[in-house]
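> Here you go, this is final-v5.txt (compact mmCIF, C-alpha atoms and all ligand atoms).
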# COMPACT_ATOMS: atom_id res chain seq x y z
CA ASP A 1 -75.66 51.18 25.13
CA THR A 2 -72.41 50.19 23.51
CA ASN A 3 -71.17 46.62 23.37
CA VAL A 4 -68.83 45.69 26.19
CA ILE A 5 -66.68 42.60 26.68
CA LYS A 6 -66.96 41.86 30.40
CA ASN A 7 -64.22 39.44 31.34
CA PHE A 8 -64.62 37.88 34.79
CA GLY A 9 -61.02 36.87 34.53
CA SER A 10 -58.03 35.63 36.43
CA ILE A 11 -55.25 38.03 37.38
CA ASN A 12 -51.87 36.46 38.17
CA ILE A 13 -48.43 37.75 38.94
CA ASP A 14 -45.92 35.40 37.29
CA ASN A 15 -42.59 35.23 39.12
CA VAL A 16 -40.12 33.71 36.68
CA TYR A 17 -36.74 32.34 37.84
CA ARG A 18 -34.10 31.22 35.32
CA LEU A 19 -31.78 28.45 36.52
CA ASP A 20 -29.20 26.09 34.99
CA ARG A 21 -31.49 23.21 35.87
CA LEU A 22 -34.76 22.67 37.74
CA PRO A 23 -34.50 22.01 41.50
CA ARG A 24 -35.11 18.55 42.96
CA ALA A 25 -37.15 17.91 46.13
CA GLY A 26 -35.37 19.30 49.18
CA GLU A 27 -32.80 21.18 47.12
CA THR A 28 -31.93 24.90 47.20
CA LEU A 29 -30.64 26.48 44.01
CA VAL A 30 -29.60 30.03 43.19
CA ALA A 31 -31.36 31.59 40.19
CA GLN A 32 -29.43 33.46 37.48
CA GLU A 33 -32.27 35.79 36.65
CA PHE A 34 -35.64 36.90 37.98
CA ALA A 35 -38.49 38.70 36.26
CA ARG A 36 -42.07 39.51 37.18
CA PHE A 37 -44.83 39.60 34.57
CA MET A 38 -48.57 40.03 34.62
CA GLY A 39 -50.27 36.79 33.66
CA GLY A 40 -53.43 34.81 34.09
CA LYS A 41 -55.50 33.56 31.16
CA GLY A 42 -58.21 36.09 31.92
CA LEU A 43 -55.91 39.07 31.98
CA ASN A 44 -54.19 38.01 28.74
CA GLN A 45 -57.58 37.74 27.03
CA SER A 46 -58.64 41.17 28.26
CA VAL A 47 -55.45 42.79 27.00
CA ALA A 48 -55.89 41.08 23.62
CA ALA A 49 -59.52 42.20 23.31
CA GLN A 50 -58.64 45.75 24.39
CA ARG A 51 -55.75 46.03 21.91
CA SER A 52 -58.01 44.65 19.18
CA GLY A 53 -60.37 47.59 19.53
CA ALA A 54 -63.11 46.36 21.88
CA ASP A 55 -64.48 48.11 24.93
CA VAL A 56 -63.34 45.82 27.77
CA TRP A 57 -64.05 45.63 31.47
CA HIS A 58 -61.75 43.31 33.34
CA ILE A 59 -63.68 42.13 36.39
CA GLY A 60 -61.68 40.36 39.07
CA ALA A 61 -59.91 40.57 42.38
CA VAL A 62 -56.47 41.33 43.74
CA GLY A 63 -55.11 41.16 47.28
CA PRO A 64 -53.51 43.67 49.64
CA ASP A 65 -50.35 43.16 47.54
CA GLY A 66 -52.21 44.14 44.36
CA ASP A 67 -50.86 47.66 43.69
CA TRP A 68 -48.21 46.52 41.24
CA ALA A 69 -50.74 44.40 39.36
CA LEU A 70 -53.22 47.30 39.15
CA ASP A 71 -50.50 49.66 37.90
CA GLN A 72 -49.59 47.15 35.21
CA MET A 73 -53.21 46.70 34.17
CA ARG A 74 -53.75 50.46 33.91
CA ALA A 75 -50.58 50.66 31.82
CA PHE A 76 -52.20 48.12 29.48
CA GLY A 77 -55.05 50.59 29.15
CA LEU A 78 -57.58 48.33 30.87
CA ASP A 79 -60.62 49.66 32.69
CA CYS A 80 -59.83 48.58 36.28
CA SER A 81 -62.90 50.09 37.96
CA HIS A 82 -64.33 46.58 38.53
CA ILE A 83 -61.29 45.01 40.13
CA PHE A 84 -61.99 44.33 43.77
CA ARG A 85 -59.56 44.40 46.67
CA VAL A 86 -59.86 41.27 48.86
CA GLU A 87 -57.98 39.78 51.84
CA ALA A 88 -56.46 36.85 49.92
CA PRO A 89 -53.14 37.42 48.15
CA THR A 90 -53.17 38.32 44.45
CA GLY A 91 -53.10 35.17 42.32
CA ASN A 92 -49.53 34.26 41.57
CA ALA A 93 -47.25 31.72 40.02
CA VAL A 94 -43.71 30.59 40.70
CA ILE A 95 -42.20 29.53 37.40
CA THR A 96 -38.75 28.00 37.19
CA VAL A 97 -37.21 27.69 33.74
CA ASP A 98 -34.01 25.77 32.93
CA GLN A 99 -31.54 26.45 30.12
CA ALA A 100 -33.40 24.18 27.71
CA GLY A 101 -36.64 26.10 28.33
CA GLU A 102 -38.18 23.28 30.38
CA ASN A 103 -40.29 24.67 33.22
CA GLN A 104 -42.06 23.89 36.49
CA ILE A 105 -45.04 25.99 37.52
CA VAL A 106 -46.81 26.37 40.86
CA ILE A 107 -49.96 28.50 40.83
CA LEU A 108 -51.82 30.00 43.77
CA GLY A 109 -55.38 31.01 42.87
CA GLY A 110 -55.55 33.43 45.82
CA ALA A 111 -57.81 36.41 45.11
CA ASN A 112 -59.04 34.78 41.88
CA GLN A 113 -60.77 32.15 44.01
CA THR A 114 -62.71 34.72 46.06
CA LEU A 115 -65.13 35.78 43.29
CA ASP A 116 -68.63 35.30 44.66
CA GLN A 117 -72.09 36.86 44.74
CA ALA A 118 -71.14 39.42 47.41
CA LEU A 119 -68.30 40.74 45.26
CA LEU A 120 -69.97 40.52 41.83
CA GLY A 121 -73.67 41.05 42.53
CA ASP A 122 -73.83 44.62 41.18
CA VAL A 123 -71.83 43.83 38.04
CA LEU A 124 -73.97 40.77 37.32
CA ALA A 125 -77.17 42.78 37.81
CA GLY A 126 -75.94 45.24 35.17
CA LEU A 127 -75.41 42.63 32.43
CA GLY A 128 -77.55 42.80 29.31
CA PRO A 129 -77.94 41.49 25.75
CA GLN A 130 -75.24 43.85 24.46
CA ASP A 131 -72.56 42.21 26.61
CA TRP A 132 -70.17 39.36 25.98
CA VAL A 133 -69.24 37.70 29.27
CA VAL A 134 -65.86 35.95 29.17
CA LEU A 135 -64.92 33.13 31.55
CA GLN A 136 -62.06 30.66 32.08
CA ASN A 137 -61.32 27.97 34.67
CA GLU A 138 -58.93 30.03 36.78
CA THR A 139 -61.51 31.76 39.01
CA SER A 140 -64.27 30.74 41.39
CA PHE A 141 -68.01 31.25 40.68
CA VAL A 142 -67.66 30.53 36.93
CA HIS A 143 -70.83 28.46 36.69
CA GLN A 144 -72.92 30.98 38.62
CA ILE A 145 -71.63 33.90 36.53
CA ALA A 146 -72.60 32.05 33.35
CA LEU A 147 -76.10 31.39 34.73
CA ALA A 148 -76.54 35.05 35.71
CA ALA A 149 -75.28 36.17 32.28
CA LYS A 150 -77.69 33.91 30.40
CA ALA A 151 -80.59 35.01 32.62
CA ARG A 152 -79.92 38.62 31.55
CA GLY A 153 -79.50 37.84 27.86
CA ALA A 154 -75.72 38.31 27.70
CA ARG A 155 -73.65 36.06 25.47
CA VAL A 156 -71.04 33.88 27.16
CA ALA A 157 -67.59 32.90 25.87
CA TYR A 158 -65.73 30.22 27.80
CA SER A 159 -62.20 28.86 27.63
CA ALA A 160 -62.20 25.35 29.06
CA ALA A 161 -58.71 25.88 30.46
CA PRO A 162 -56.96 24.75 32.55
CA PHE A 163 -59.06 21.74 31.55
CA ASP A 164 -61.24 20.08 34.16
CA ALA A 165 -64.16 17.96 32.98
CA HIS A 166 -66.13 18.58 36.18
CA HIS A 167 -66.16 22.29 35.44
CA ALA A 168 -66.28 22.20 31.65
CA VAL A 169 -69.10 19.75 30.95
CA PRO A 170 -71.84 21.57 32.93
CA MET A 171 -70.84 24.83 31.21
CA LEU A 172 -71.77 23.53 27.75
CA ASP A 173 -75.49 24.26 28.23
CA MET A 174 -74.85 27.88 29.13
CA ILE A 175 -72.36 29.19 26.62
CA ASP A 176 -72.47 30.76 23.16
CA LEU A 177 -68.79 30.31 22.35
CA LEU A 178 -66.47 27.51 23.47
CA ALA A 179 -62.73 28.05 22.93
CA VAL A 180 -60.29 25.15 23.27
CA ASN A 181 -56.89 24.10 22.01
CA GLU A 182 -56.51 20.64 20.48
CA HIS A 183 -55.55 18.99 23.81
CA GLU A 184 -58.58 20.44 25.58
CA ALA A 185 -60.72 19.42 22.59
CA ALA A 186 -59.51 15.81 22.95
CA GLU A 187 -60.21 15.76 26.70
CA LEU A 188 -63.64 17.28 26.24
CA ALA A 189 -64.44 14.72 23.54
CA ARG A 190 -63.44 11.95 25.96
CA ALA A 191 -65.58 13.45 28.73
CA THR A 192 -68.69 13.96 26.56
CA GLY A 193 -68.38 11.09 24.08
CA LYS A 194 -68.88 13.62 21.24
CA SER A 195 -66.56 15.35 18.85
CA VAL A 196 -66.10 18.89 20.13
CA ALA A 197 -67.31 20.41 16.86
CA ASP A 198 -70.59 18.52 17.40
CA LEU A 199 -71.26 19.89 20.88
CA PRO A 200 -74.53 21.84 21.18
CA VAL A 201 -72.83 25.26 21.44
CA ASP A 202 -73.46 27.97 18.79
CA MET A 203 -69.78 28.68 18.19
CA VAL A 204 -66.88 26.32 18.80
CA LEU A 205 -63.37 27.65 18.27
CA ILE A 206 -60.52 25.12 18.19
CA THR A 207 -56.89 26.25 17.84
CA TYR A 208 -54.17 23.93 16.56
CA GLY A 209 -50.99 25.93 17.26
CA ALA A 210 -48.92 26.42 14.11
CA ARG A 211 -51.49 24.34 12.20
CA GLY A 212 -54.22 26.97 12.43
CA ALA A 213 -57.69 27.24 13.84
CA GLU A 214 -61.24 26.18 13.07
CA LEU A 215 -64.54 27.83 13.86
CA ARG A 216 -67.81 25.93 13.74
CA GLN A 217 -70.64 28.45 13.80
CA ASN A 218 -74.00 26.71 13.91
CA SER A 219 -73.65 24.39 10.88
CA ALA A 220 -70.95 26.36 9.02
CA ARG A 221 -67.24 25.67 9.34
CA LEU A 222 -64.46 28.18 8.79
CA HIS A 223 -60.77 27.27 8.68
CA GLN A 224 -57.96 29.71 9.34
CA LYS A 225 -54.31 29.00 8.58
CA SER A 226 -51.63 30.18 11.00
CA PHE A 227 -49.26 32.81 9.66
CA PRO A 228 -45.60 31.72 9.67
CA ALA A 229 -43.84 33.05 12.79
CA ASP A 230 -40.33 33.06 14.27
CA VAL A 231 -41.39 31.62 17.60
CA VAL A 232 -39.77 33.00 20.75
CA ASP A 233 -42.43 32.20 23.40
CA THR A 234 -45.91 30.81 22.79
CA THR A 235 -47.22 31.55 26.31
CA GLY A 236 -50.59 33.22 25.91
CA ALA A 237 -51.00 32.47 22.19
CA GLY A 238 -54.39 30.87 22.72
CA ASP A 239 -55.54 33.74 24.95
CA THR A 240 -54.40 36.27 22.38
CA PHE A 241 -56.31 34.42 19.67
CA LEU A 242 -59.54 34.28 21.68
CA GLY A 243 -59.39 37.89 22.94
CA ALA A 244 -58.65 39.21 19.47
CA PHE A 245 -61.29 37.02 17.80
CA LEU A 246 -64.01 38.06 20.23
CA ALA A 247 -63.13 41.74 19.96
CA ARG A 248 -63.15 41.75 16.14
CA LEU A 249 -66.36 39.67 16.06
CA ASP A 250 -67.98 42.07 18.51
CA VAL A 251 -66.89 45.18 16.62
CA THR A 252 -67.55 43.96 13.04
CA GLY A 253 -69.87 40.93 13.28
CA ASP A 254 -67.64 39.30 10.64
CA ALA A 255 -66.33 35.91 11.82
CA GLU A 256 -64.02 35.44 8.82
CA HIS A 257 -62.32 38.78 9.43
CA ALA A 258 -62.15 38.03 13.17
CA LEU A 259 -60.38 34.69 12.55
CA ARG A 260 -57.84 36.18 10.17
CA TYR A 261 -57.15 39.09 12.53
CA ALA A 262 -56.79 36.71 15.52
CA ALA A 263 -54.33 34.48 13.63
CA ALA A 264 -52.24 37.53 12.74
CA ALA A 265 -52.33 38.84 16.33
CA ALA A 266 -51.27 35.43 17.69
CA ALA A 267 -48.48 35.06 15.10
CA LEU A 268 -47.05 38.44 16.15
CA GLN A 269 -47.53 37.57 19.84
CA VAL A 270 -45.47 34.33 19.69
CA GLU A 271 -42.55 36.27 18.20
CA GLN A 272 -42.10 38.24 21.45
CA PRO A 273 -41.25 37.02 24.98
CA GLY A 274 -43.94 37.14 27.69
CA ALA A 275 -47.71 36.82 27.48
CA ALA A 276 -49.76 40.02 27.91
CA THR A 277 -46.87 42.38 27.12
CA ALA A 278 -46.31 40.55 23.82
CA ILE A 279 -49.82 41.14 22.47
CA PRO A 280 -49.68 43.43 19.40
CA SER A 281 -51.65 46.64 18.96
CA PHE A 282 -54.50 47.01 16.48
CA ASP A 283 -52.24 49.14 14.26
CA ALA A 284 -49.46 46.53 14.26
CA VAL A 285 -51.87 43.73 13.32
CA THR A 286 -53.58 45.84 10.65
CA GLU A 287 -50.23 46.75 9.10
CA PHE A 288 -49.17 43.07 9.16
CA LEU A 289 -52.40 42.04 7.40
CA THR A 290 -52.03 44.78 4.80
CA ARG A 291 -48.48 43.58 4.04
CA LYS A 292 -49.75 39.98 3.71
CA ALA A 293 -52.56 41.06 1.39
CA GLU A 294 -50.12 42.94 -0.84
CA ALA A 295 -47.55 40.11 -0.87
P1 LIG B 301 -50.66 28.49 24.77
O1 LIG B 301 -51.01 27.38 25.71
O2 LIG B 301 -49.28 28.40 24.18
O3 LIG B 301 -50.97 29.84 25.30
P2 LIG B 301 -52.81 27.36 23.26
O4 LIG B 301 -52.35 25.93 23.37
O5 LIG B 301 -53.98 27.77 24.04
O6 LIG B 301 -51.61 28.35 23.50
P3 LIG B 301 -52.47 27.18 20.39
O7 LIG B 301 -53.47 26.37 19.68
O8 LIG B 301 -51.13 26.60 20.64
O9 LIG B 301 -53.14 27.70 21.74
O10 LIG B 301 -52.25 28.55 19.60
C1 LIG B 301 -53.28 29.50 19.43
C2 LIG B 301 -53.09 30.22 18.12
O11 LIG B 301 -51.85 30.93 18.16
C3 LIG B 301 -52.99 29.33 16.89
O12 LIG B 301 -54.26 29.02 16.36
C4 LIG B 301 -52.17 30.21 15.94
O13 LIG B 301 -53.00 31.17 15.32
C5 LIG B 301 -51.23 30.93 16.89
N1 LIG B 301 -49.96 30.19 17.00
C6 LIG B 301 -49.55 29.36 17.97
N2 LIG B 301 -48.34 28.83 17.70
C7 LIG B 301 -47.96 29.36 16.51
C8 LIG B 301 -46.81 29.23 15.67
N3 LIG B 301 -45.81 28.42 16.00
N4 LIG B 301 -46.78 29.95 14.52
C9 LIG B 301 -47.79 30.77 14.16
N5 LIG B 301 -48.90 30.93 14.91
C10 LIG B 301 -49.00 30.25 16.06
Is it possible to give me this structure as structure tokens?


Amino acid sequence: DTNVIKNFGSINIDNVYRLDRLPRAGETLVAQEFARFMGGKGLNQSVAAQRSGADVWHIGAVGPDGDWALDQMRAFGLDCSHIFRVEAPTGNAVITVDQAGENQIVILGGANQTLDQALLGDVLAGLGPQDWVVLQNETSFVHQIALAAKARGARVAYSAAPFDAHHAVPMLDMIDLLAVNEHEAAELARATGKSVADLPVDMVLITYGARGAELRQNSARLHQKSFPADVVDTTGAGDTFLGAFLARLDVTGDAEHALRYAAAAAALQVEQPGAATAIPSFDAVTEFLTRKAEA
């Protein structure tokens, strides 16, 4: 059996409206521009892992309105044979952005919140020690998926985002890799009374935006600097980093390489607008790293 990254991940349609200013309660405003993007932390991570050379299954759910989302996912090259069709609408977000880039976001979990045993039973039964299971806080059944994964010897990677201590703390006993940004790290430290690097998880990955990233693997610590970037849009930077890191770790077993690759992928990703669409290909990242090594 080959290694597979099985991401039980959120799928969102982001509806983005550009306005002069954000609306107030009770107000109706006319937008200047509208665009629709695929989003969701899970989906971004799957696209990043896929583009970084891993074999990825994205496992999730879309609603009766899910054709556009499925077309987009296939265009990303994702294996969509484990995306279920449910009654609830596809997860979606209404994002208003003003001229200064300030935004307001409303998210509907929709189909992402229908993951349960009935939907996932067969996929869970097929998990094994060769698999990495990837989870975030944007779907239902996260805790139960982690339990099922551990029971079958799969390794579990978990992004504690959007942060919620009630969900995150009980996950700590069941995961092999915890991925957080510095804000989530601070909240988790408050909730547990321990520094995040000291949590009893084999691998803890903390990202610090432009200031880099740190991996604590058992007792060893690795630091990775961020590559300088001309930032256009950082949405999905953390997801790109995690997806790329996991893919390169899975393919090569080399954490140092995986960190450097992930930092390069994220630096290229923040230079483009959008989240999933902005994630660079393996070739683009490899070429970037070769140029850096020669410089
Ligand atoms: P987001 O919420 O914006 O999706 P995040 O808060 O989860 O991201 P960050 O820690 O901000 O995650 O960024 C993740 C990684 O992306 C960083 O470790 C770094 O490698 C890269 N990155 C983010 N911002 C920059 C930047 N300004 N310049 C270069 N690299 C960056």

> Please compute the CA of Ile95 (chain A)-CA of Val16 (chain A) distance, one decimal, in Å.

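One can read the CA of Ile95 (chain A) to CA of Val16 (chain A) distance as 4.7 Å.
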
> Around region 16-31 of chain A, fit a box with edges along x, y and z, padding it by 5 Å on each side, then list its centre and edge lengths in Å to one decimal as JSON.


{"center_x": -34.7, "center_y": 25.8, "center_z": 42.1, "size_x": 20.9, "size_y": 25.8, "size_z": 24.2}

> Rounded to one decimal place, report the atom C2 of ligand LIG 301 (chain B)-CA of Thr286 (chain A) distance in Å.

17.3 Å

> Suppose you want the space between CA of Leu268 (chain A) and atom C3 of ligand LIG 301 (chain B); what is it in Å?

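Computed distance, CA of Leu268 (chain A) to atom C3 of ligand LIG 301 (chain B), equals 10.9 Å.
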
> When you count only C-alpha atoms and all ligand atoms, which of these residues is closest to ligand LIG 301 (chain B): A:Ile5, A:Ala157, A:Val47, A:Leu205?

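Among A:Ile5, A:Ala157, A:Val47, A:Leu205, it is A:Leu205 that comes nearest to ligand LIG 301 (chain B).
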
> So which one's closest to Gly128 (chain A), A:Arg152, A:His143, A:His58, A:Arg216? Using only C-alpha atoms, please.

A:Arg152

> For ligand LIG 301 (chain B), which residue out of A:Asp122, A:Asp239, A:Glu102, A:Glu27 is the nearest one, using all atoms listed in the file?

A:Asp239

> Restricting the calculation to all atoms listed in the file: of A:Val86, A:Ala284, A:Ala48, A:Ala168, which residue gets closest to Gly236 (chain A)?

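Closest candidate: A:Ala48.
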
> Using only C-alpha atoms and all ligand atoms, which residues have at least one atom no more than 10 Å from ligand LIG 301 (chain B)? Output them as a VMD selection string.

chain A and resid 41 44 159 to 162 179 to 184 205 to 214 224 to 242 259 to 271 275

> Tell me, as a PDB file with C-alpha atoms, keeping the file's coordinate frame, which residues lie within 7 Å of Ser140 (chain A), counting only C-alpha atoms; anything in the same chain fewer than 6 positions away does not count.


ATOM      1  CA  ASN A 112     -59.040  34.780  41.880  1.00  0.00           C
ATOM      2  CA  GLN A 113     -60.770  32.150  44.010  1.00  0.00           C
ATOM      3  CA  THR A 114     -62.710  34.720  46.060  1.00  0.00           C
ATOM      4  CA  LEU A 115     -65.130  35.780  43.290  1.00  0.00           C
TER       5      LEU A 115
END
